[in-house]
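These notes concern the structure reproduced below.
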Amino acid sequence: MLNTVSPKKILIVSDAWYPQINGVVRTLEETSSELRRMGHDVLIAGPDALRWCTFAAPSYPSIKLEFLARPRLYKIVQEFKPDFIHIATEGPLGWAARNMCLYHRLPFTTSYHTRFPEYLAARVLKIFSRFVRIFSYAALRRFHTPSSAIMVATPSIEAELHKRKFRRIVRWSRGVDTKLFQPYGKNIEAYQNIPRPVLLYVGRVAIEKNLRAFLGLKTPGSKVVIGDGPDLELLRTEYPDAHFLGSMSGEILARHYAACDLFVFPSTTDTFGLVLLEACAAGLRIASYPAPGPVDVFSDPTTQKFAVLDADLHQAVQRALVLPNDPALPRTFAESFSWQACTADFYNHLQAPTPEAIKRITRLRHWLSRWWQHALALLFK
């Protein structure tokens, strides 16, 4: 990408970072790479696994949650001196970064990658799900309120957040590496001795991904699950006929995509579904629920030639399997999603001005904090 702006220092704070493998990590990885190609200096601050206040997330050993990180983050800011600060996630590291920015009156932007209220609601008794959603969205609204811009991936998520009184929402789409993900062909050893068609799912193996809706389908052929998560062993026991291959990345993952016949996306809680673009780039037909993410990704009528969205997932799979198996159709569609264009949008959003009302509130909070510290010092002098 031709660089037409002066190089800037960009700090991105994210609870989701290596060694995690998920859509947020891939998005930040590709975006930071493109920013560096533009000439910018990018630093991603993820959880420090060696700190005493860093713990593994319940049922997710690979996901580290770092608490009490505000002093460490401020030290990073002092040393790196960023021109822009972006907070990518609403975890403990994201909250620490938000509070640090407010205290030191540093402007920042945020992004909304994950529908945490829906994830949490899926993990509690149904009687509590409405309360969990209300409380969770209130907490997220508080988190994002001081942000100069809240970046979201799709129109559906933008409309949903507007409805829930979020403000200053801007669009930041996603891309796909079409050099890595491409139609390599069906000749792969892992699938030589299993019945066709091969139906593929790629992603976290967790309750919020609604995998039972996929694994419980009565369809011909074989079901393949690529990914790891807290429900892996349970689902492996419940569905012994399915093939659980664990986590993959890079060209190995790309070749497994291409070797399958249909990509099934059972999730109803994703904000985008980066795996949908990867599957399209590999030349696969798609079957999905008409949920946020798929509805936006496949909004163009031309996608009906290779993608089927239906409230009945079984019908979606059956209809998708009779579509022409022409890898060029989804491949051509995927080529319209470039990381270069997404990154240009991301960089433009970083420059969003902080509203005057937010500046006044931040100054007031800063003054009250200083006043309280001074009062305590006098009291215990």
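For the structure tokens, the naming scheme is as follows: chains receive sequential letters (A, B, ...) according to their order of presentation, residues are indexed from 1 within each chain, and ligands are indexed from 1 in presentation order.
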List every residue of range 133-307 of chain A that DSSP, applied to the backbone, labels as alpha helix (DSSP H), and write the result as number ranges by chain. A: 133-144, 155-163, 211-215, 232-238, 250-259, 274-281, 294-297
With the cut-off set at 10 Å and counting only C-alpha atoms, tabulate each residue of range 68-154 of chain A with an atom at most that distance from an atom of range 270-280 of chain A, showing the nearest atom pair and its distance in Å to one decimal, ordered by chain and increasing number, as a Markdown table.
```
| residue | atom | partner | partner_atom | distance |
| --- | --- | --- | --- | --- |
| A:Tyr112 | CA | A:Thr271 | CA | 8.2 |
| A:His113 | CA | A:Thr271 | CA | 6.2 |
| A:Thr114 | CA | A:Thr271 | CA | 6.1 |
| A:Arg115 | CA | A:Asp270 | CA | 6.6 |
| A:Phe116 | CA | A:Asp270 | CA | 9.5 |
| A:Glu118 | CA | A:Asp270 | CA | 9.1 |
| A:Tyr119 | CA | A:Asp270 | CA | 9.3 |
| A:Val152 | CA | A:Thr271 | CA | 8.1 |
| A:Ala153 | CA | A:Phe272 | CA | 6.3 |
| A:Thr154 | CA | A:Phe272 | CA | 6.8 |
```
Among listed residues A:Val25, A:Ala341, A:Ile63, A:Leu232, nearest Val205 in chain A (using only C-alpha atoms): A:Leu232
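Between Asp312 in chain A and the candidates A:Arg168, A:Asn193, A:Phe214, A:Pro240, the tightest atom-to-atom separation, counting only C-alpha atoms, involves A:Phe214.
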From a DSSP calculation on the backbone, collect every residue of range 192-376 of chain A in strand (DSSP E or B) and output the set as a count of residues only. 26
Of the listed residues A:Lys218, A:Arg164, A:Arg204, A:His86, that which approaches Ser62 in chain A most closely, counting only C-alpha atoms: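 Between A:Lys218, A:Arg164, A:Arg204, A:His86, the residue approaching Ser62 in chain A most closely is A:Arg204.
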Nearest to Asp296 in chain A: which of A:Pro146, A:Gly23, A:Pro61, A:Pro155 is it, counting only C-alpha atoms?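 Looking at the shortest contact to Asp296 in chain A, the residue is A:Pro155.
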Range 30-39 of chain A: which residues within 10 Å, counting only C-alpha atoms, same-chain residues fewer than 5 positions away excluded, as a short mmCIF file (atom, residue, chain, number, x, y, z; two decimals) with C-alpha atoms, in the first residue's frame?
```cif
data_model
loop_
_atom_site.label_atom_id
_atom_site.label_comp_id
_atom_site.auth_asym_id
_atom_site.auth_seq_id
_atom_site.Cartn_x
_atom_site.Cartn_y
_atom_site.Cartn_z
CA MET A 1 0.00 0.00 0.00
CA LEU A 2 1.30 3.43 -0.93
CA ASN A 3 2.00 5.46 2.19
CA THR A 4 0.62 8.99 1.88
CA VAL A 5 0.80 9.92 5.57
CA SER A 6 3.63 10.54 7.98
CA PRO A 7 4.62 7.52 10.10
CA LYS A 8 2.87 7.29 13.44
CA LYS A 9 3.28 5.23 16.59
CA ILE A 10 0.22 3.08 17.27
CA LEU A 11 -0.37 1.17 20.51
CA ILE A 12 -2.98 -1.60 20.44
CA VAL A 25 -5.83 -12.35 17.05
CA ILE A 44 0.58 -4.70 20.54
CA ARG A 174 -12.37 -7.65 7.76
CA GLY A 175 -10.17 -9.15 5.08
CA VAL A 176 -8.70 -12.47 4.11
CA ASP A 177 -5.27 -13.63 2.95
CA TRP A 339 -6.73 -6.37 4.50
CA GLN A 340 -5.29 -3.26 2.84
CA ALA A 341 -8.71 -1.60 2.58
CA CYS A 342 -9.68 -2.68 6.11
CA THR A 343 -6.46 -1.29 7.54
CA ALA A 344 -6.96 2.03 5.76
CA PHE A 346 -8.83 1.35 10.82
CA TYR A 347 -6.14 4.05 10.51
#
```
For Ala88 in chain A, which residue out of A:Ile76, A:Leu50, A:Leu323, A:Ala16 is the nearest one, using only C-alpha atoms?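 Closest to Ala88 in chain A of all the choices is A:Ala16.
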Given only C-alpha atoms as the counted atoms, nearest of A:Phe298, A:Phe265, A:Tyr191, A:Tyr60 to Leu245 in chain A: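 Smallest separation from Leu245 in chain A among the options: A:Tyr191.
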